[in-house]
Amino acid sequence: MKISLKTKLSLAFVLVALITAAVLALVFNRFNQRQFNQFVIDNQRAELISVLTNYYKEHQSWDGAQIYFSNMARGQGQGLGQGQNTGPGSQGRGRRLGQADSIHHQNSQSEENTLISRRLFGLAAPDGTVLIPSFDSPNPGVVLDTEAIALSMPIVIEEETVGYLLSPNQLPGYSEVENRFVRSSNLAMLIALAGAIILASIIAIIIARSITKPIETLSEASQRIANRELNTKVPELGKDEIGMLAKNFNEMSDRLEESDRLRKQMTADIAHDLRTPLTVINGYVESMRDGDLSVTPERLGLIADETTRLSKLVDDLRLLSVADAGELNLQKQLTNPNELLEHCHQLFENQAARKSISLKLEPLTTTQKVLIDEDRMIQALSNLLNNAIDYSPEGSEVILRLKEEKACMLLEIIDSGPGIDPANLPYIFERFHRADRSRQESASHSGLGLSIAKAIITAHNGEILAISALGQGTSIQIRLAKQ
């Protein structure tokens with residue numbers, strides 16, 4: 001059975017609320033029980049100390065005091081101070097004590113033994129001898145050790161310790177009144193926890209919906225993208241991670257749409273660039289086959305030139321496809337960048353001279369080397385130099401310059417051409433892009449030269465950048481890591 005993300009999130013929040021409530025209930029119950037026990041013990045102990053102090057002052061002994069401890073037995077109908085006037089300053093205390101003693105002596109021996117075994121507090125003489133045992137103290141006549149005396153509450157009259165009240169560490173049970181209080185506290189806690197869980201469940205559903213709603217929107221939009229609706233956009237979904245995801249989705253949609261446009265444009269350009277030489281070749285071959293044209297070396301040379309052009313275009317496309325797949329084979333070795341630029345200078349010096357262009361080399365005194373495939377790098381630089389020389393006017397200059405930066409070597413090719421329109425500058429390394437559409441038919445420019453240069457330099461983990469302005473020439477900068 002498929003469970004939606006909204007349901008999963010809601011259940012997760014509710015489960016967390018239930019676990020939290022259970023832990024809180026357990027901790028609260030333990031803490032509340034311990035605190036309540038201590039409260040009962042402290043309250044009755046303070047009251048009993050006061051009563052016993054007054055009793056000792058009046059009788060100067062502990063004879064007959066056990067009736068007070070009997071009233072402190074757990075589970076009796078009345079506790080100390082209930083149904084009798086035992087507070088400090090009461091009158092007729094001796095008469096009431098005598099009446100209590102008379103009643104006490106009328107009880108059977110078995111009832112007395114049962115009552116004593118259930119006493120909460122006990123009494124010890126000043127020397128530590130147990131006079132009246134509590135439910136967890138030694139039997140009467142046993143002398144308490146020093147540690148037990150230290151844990152007992154001294155009964156002090158006029159700075160003299162006349163006895164020790166033996167206090168329990170915990171209650172052996174609750175009276176009916178105390179049981180009712182505990183049950184009421186637990187019921188209130190359960191009601192509060194049930195209300196908290198219900199409220200947490202409602203909040204969980206609201207939060208789950210707020211999280212899943214934008215995800216559903218993104219899911220629907222991605223499905224439309226999969227159905228080739230590449231211009232699909234999603235509305236702004238906030239400033240959090242989901243909002244950032246929506247922003248990235250819209251950027252992805254824009255790039256997919258642009259990539260699709262470029263793919264269509266590239267397909268059209270490839271068809272155009274293939275059609276032109278094929279048309280020439282086909283025209284000459286058919287004419288010579290039909291006898292309209294004679295076979296001459298010049299005409300065969302034209303066919304060979306167009307065939308070479310086709311072969312170069314196919315090779316360029318193959319190189320780009322291999323580079324896109326990350327499978328461009330590079331034979332890297334440490335190379336002095338000065339030697340690389342000097343080699344390119346020698347290759348293109350004559351070509352530049354034929355156009356009356358000065359090709360200047362500005363090397364740098366350095367021992368730093370770069371790890372490159374020299375043949376591939378010469379291929380990239382050759383494409384860049386071809387562009388620089390072709391687009392520079394006669395009588396101008398093209399500069400090959402080497403600079404050293406903190407972590408890399410900078411190779412620059414600077415021309416004196418017309419520059420590049422800022423609107424075209426971001427796209428000059430795209431395939432078949434030509435800033436000057438009037439050169440569309442140029443046989444020397446397939447529109448792949450800059451793309452190939454970028455692919456080769458990227459394969460070397462390098463960076464290529466074009467800096468240009470209309471009327472101010474163009475600077476192509478290549479950064480390669482120093483070794």
# chains A, B, ... in the order shown; residues from 1 in each chain; ligands from 1
$ residues_around --residues "Pro235 in chain A" --least-positions-apart "4" --cutoff "12 Å" --atoms "only C-alpha atoms" --output "PDB file with N, CA, C and O atoms, in the first residue's frame"
ATOM      1  N   PRO A 214       4.424  22.377  -1.453  1.00  0.00           N
ATOM      2  CA  PRO A 214       5.391  22.829  -2.466  1.00  0.00           C
ATOM      3  C   PRO A 214       6.108  21.673  -3.152  1.00  0.00           C
ATOM      4  O   PRO A 214       6.476  21.780  -4.323  1.00  0.00           O
ATOM      5  N   ILE A 215       6.302  20.560  -2.435  1.00  0.00           N
ATOM      6  CA  ILE A 215       6.933  19.398  -3.074  1.00  0.00           C
ATOM      7  C   ILE A 215       6.027  18.841  -4.160  1.00  0.00           C
ATOM      8  O   ILE A 215       6.490  18.441  -5.237  1.00  0.00           O
ATOM      9  N   THR A 217       3.936  20.613  -5.850  1.00  0.00           N
ATOM     10  CA  THR A 217       4.032  21.578  -6.949  1.00  0.00           C
ATOM     11  C   THR A 217       5.266  21.309  -7.800  1.00  0.00           C
ATOM     12  O   THR A 217       5.215  21.312  -9.035  1.00  0.00           O
ATOM     13  N   LEU A 218       6.408  21.059  -7.124  1.00  0.00           N
ATOM     14  CA  LEU A 218       7.645  20.763  -7.849  1.00  0.00           C
ATOM     15  C   LEU A 218       7.534  19.447  -8.615  1.00  0.00           C
ATOM     16  O   LEU A 218       8.052  19.320  -9.727  1.00  0.00           O
ATOM     17  N   ALA A 221       5.565  20.038 -11.727  1.00  0.00           N
ATOM     18  CA  ALA A 221       6.351  20.804 -12.695  1.00  0.00           C
ATOM     19  C   ALA A 221       7.418  19.926 -13.348  1.00  0.00           C
ATOM     20  O   ALA A 221       7.668  20.023 -14.553  1.00  0.00           O
ATOM     21  N   ILE A 242      13.244  24.649   0.617  1.00  0.00           N
ATOM     22  CA  ILE A 242      12.305  24.344  -0.453  1.00  0.00           C
ATOM     23  C   ILE A 242      12.211  25.521  -1.419  1.00  0.00           C
ATOM     24  O   ILE A 242      12.120  25.340  -2.639  1.00  0.00           O
ATOM     25  N   GLY A 243      12.248  26.737  -0.874  1.00  0.00           N
ATOM     26  CA  GLY A 243      12.269  27.911  -1.740  1.00  0.00           C
ATOM     27  C   GLY A 243      13.509  27.937  -2.620  1.00  0.00           C
ATOM     28  O   GLY A 243      13.446  28.284  -3.804  1.00  0.00           O
ATOM     29  N   MET A 244      14.664  27.551  -2.028  1.00  0.00           N
ATOM     30  CA  MET A 244      15.885  27.478  -2.821  1.00  0.00           C
ATOM     31  C   MET A 244      15.779  26.393  -3.890  1.00  0.00           C
ATOM     32  O   MET A 244      16.258  26.564  -5.019  1.00  0.00           O
ATOM     33  N   LEU A 245      15.121  25.271  -3.542  1.00  0.00           N
ATOM     34  CA  LEU A 245      14.914  24.206  -4.520  1.00  0.00           C
ATOM     35  C   LEU A 245      14.058  24.697  -5.679  1.00  0.00           C
ATOM     36  O   LEU A 245      14.335  24.380  -6.852  1.00  0.00           O
ATOM     37  N   ALA A 246      13.020  25.475  -5.366  1.00  0.00           N
ATOM     38  CA  ALA A 246      12.171  26.026  -6.423  1.00  0.00           C
ATOM     39  C   ALA A 246      12.966  26.977  -7.317  1.00  0.00           C
ATOM     40  O   ALA A 246      12.819  26.959  -8.552  1.00  0.00           O
ATOM     41  N   LYS A 247      13.820  27.794  -6.702  1.00  0.00           N
ATOM     42  CA  LYS A 247      14.648  28.713  -7.486  1.00  0.00           C
ATOM     43  C   LYS A 247      15.587  27.941  -8.406  1.00  0.00           C
ATOM     44  O   LYS A 247      15.740  28.271  -9.591  1.00  0.00           O
ATOM     45  N   ASN A 248      16.211  26.890  -7.860  1.00  0.00           N
ATOM     46  CA  ASN A 248      17.111  26.071  -8.679  1.00  0.00           C
ATOM     47  C   ASN A 248      16.346  25.356  -9.795  1.00  0.00           C
ATOM     48  O   ASN A 248      16.871  25.176 -10.898  1.00  0.00           O
ATOM     49  N   PHE A 249      15.111  24.948  -9.484  1.00  0.00           N
ATOM     50  CA  PHE A 249      14.288  24.296 -10.510  1.00  0.00           C
ATOM     51  C   PHE A 249      14.030  25.248 -11.671  1.00  0.00           C
ATOM     52  O   PHE A 249      14.123  24.858 -12.843  1.00  0.00           O
ATOM     53  N   ASN A 250      13.691  26.491 -11.353  1.00  0.00           N
ATOM     54  CA  ASN A 250      13.424  27.467 -12.413  1.00  0.00           C
ATOM     55  C   ASN A 250      14.682  27.742 -13.238  1.00  0.00           C
ATOM     56  O   ASN A 250      14.608  27.903 -14.466  1.00  0.00           O
TER      57      ASN A 250
END
$ select_by_dssp --residues "range 144-193 of chain A" --states "helix (DSSP H, G or I)" --output "PyMOL selection string"
chain A and resi 146-151+176-193
$ residues_around --residues "Gly141 in chain A" --least-positions-apart "2" --cutoff "8 Å" --atoms "only C-alpha atoms" --output "list in words"
Thr129, Val130, Leu131, Asn139 and Val143 of chain A
$ atom_distance --atom1 "CA of Asp324 in chain A" --atom2 "CA of Cys344 in chain A"
26.1 Å
$ atom_distance --atom1 "CA of Leu341 in chain A" --atom2 "CA of Leu400 in chain A"
6.8 Å
$ residues_around --residues "Ala150 in chain A" --least-positions-apart "5" --cutoff "12 Å" --atoms "only C-alpha atoms" --output "list in words"
Gly128, Leu144, Asp145, Tyr164, Leu165, Leu166 and Ser167 of chain A
$ residues_around --residues "Glu430 in chain A" --least-positions-apart "6" --cutoff "10 Å" --atoms "only C-alpha atoms" --output "PyMOL selection string"
chain A and resi 262+266+447-452+454
$ residues_around --residues "Pro154 in chain A" --least-positions-apart "2" --cutoff "10 Å" --atoms "only C-alpha atoms" --output "ChimeraX atom specification"
/A:49,123-126,149-152,156-157,160-166
$ atom_distance --atom1 "CA of Pro337 in chain A" --atom2 "CA of Arg479 in chain A"
11.0 Å
$ residues_around --residues "Glu298 in chain A" --least-positions-apart "6" --cutoff "12 Å" --atoms "only C-alpha atoms" --output "ChimeraX atom specification"
/A:284,304-305
$ closest_residue --among "A:Glu362, A:Asp373, A:Leu18, A:Ile389" --to "Ser201 in chain A" --atoms "only C-alpha atoms"
A:Leu18
$ decode --residues "range 380-397 of chain A" --atoms "N, CA and C atoms" --output "short mmCIF file (atom, residue, chain, number, x, y, z; two decimals), in the first residue's frame"
data_model
loop_
_atom_site.label_atom_id
_atom_site.label_comp_id
_atom_site.auth_asym_id
_atom_site.auth_seq_id
_atom_site.Cartn_x
_atom_site.Cartn_y
_atom_site.Cartn_z
N ALA A 380 44.40 23.74 -29.18
CA ALA A 380 43.52 24.78 -28.62
C ALA A 380 44.06 26.17 -28.91
N LEU A 381 45.36 26.37 -28.70
CA LEU A 381 45.96 27.69 -28.94
C LEU A 381 45.91 28.04 -30.43
N SER A 382 46.03 27.02 -31.30
CA SER A 382 45.98 27.28 -32.74
C SER A 382 44.61 27.81 -33.13
N ASN A 383 43.55 27.21 -32.58
CA ASN A 383 42.21 27.72 -32.86
C ASN A 383 42.06 29.17 -32.42
N LEU A 384 42.60 29.49 -31.25
CA LEU A 384 42.49 30.85 -30.73
C LEU A 384 43.32 31.83 -31.56
N LEU A 385 44.51 31.40 -31.97
CA LEU A 385 45.36 32.29 -32.78
C LEU A 385 44.78 32.50 -34.17
N ASN A 386 44.18 31.44 -34.72
CA ASN A 386 43.51 31.61 -36.03
C ASN A 386 42.45 32.69 -35.95
N ASN A 387 41.62 32.62 -34.90
CA ASN A 387 40.58 33.64 -34.73
C ASN A 387 41.19 35.02 -34.57
N ALA A 388 42.21 35.13 -33.71
CA ALA A 388 42.82 36.43 -33.44
C ALA A 388 43.40 37.06 -34.71
N ILE A 389 44.09 36.25 -35.53
CA ILE A 389 44.71 36.79 -36.75
C ILE A 389 43.64 37.13 -37.79
N ASP A 390 42.64 36.24 -37.94
CA ASP A 390 41.60 36.48 -38.95
C ASP A 390 40.77 37.72 -38.65
N TYR A 391 40.53 38.00 -37.39
CA TYR A 391 39.66 39.12 -37.04
C TYR A 391 40.42 40.42 -36.77
N SER A 392 41.74 40.37 -36.80
CA SER A 392 42.54 41.59 -36.58
C SER A 392 42.79 42.27 -37.93
N PRO A 393 42.73 43.59 -37.97
CA PRO A 393 42.96 44.31 -39.24
C PRO A 393 44.45 44.31 -39.62
N GLU A 394 44.71 44.56 -40.90
CA GLU A 394 46.10 44.65 -41.36
C GLU A 394 46.81 45.80 -40.65
N GLY A 395 48.11 45.55 -40.37
CA GLY A 395 48.91 46.57 -39.71
C GLY A 395 48.78 46.57 -38.20
N SER A 396 47.93 45.70 -37.64
CA SER A 396 47.75 45.64 -36.18
C SER A 396 48.69 44.59 -35.59
N GLU A 397 48.50 44.27 -34.35
CA GLU A 397 49.35 43.26 -33.72
C GLU A 397 48.52 42.31 -32.86
#
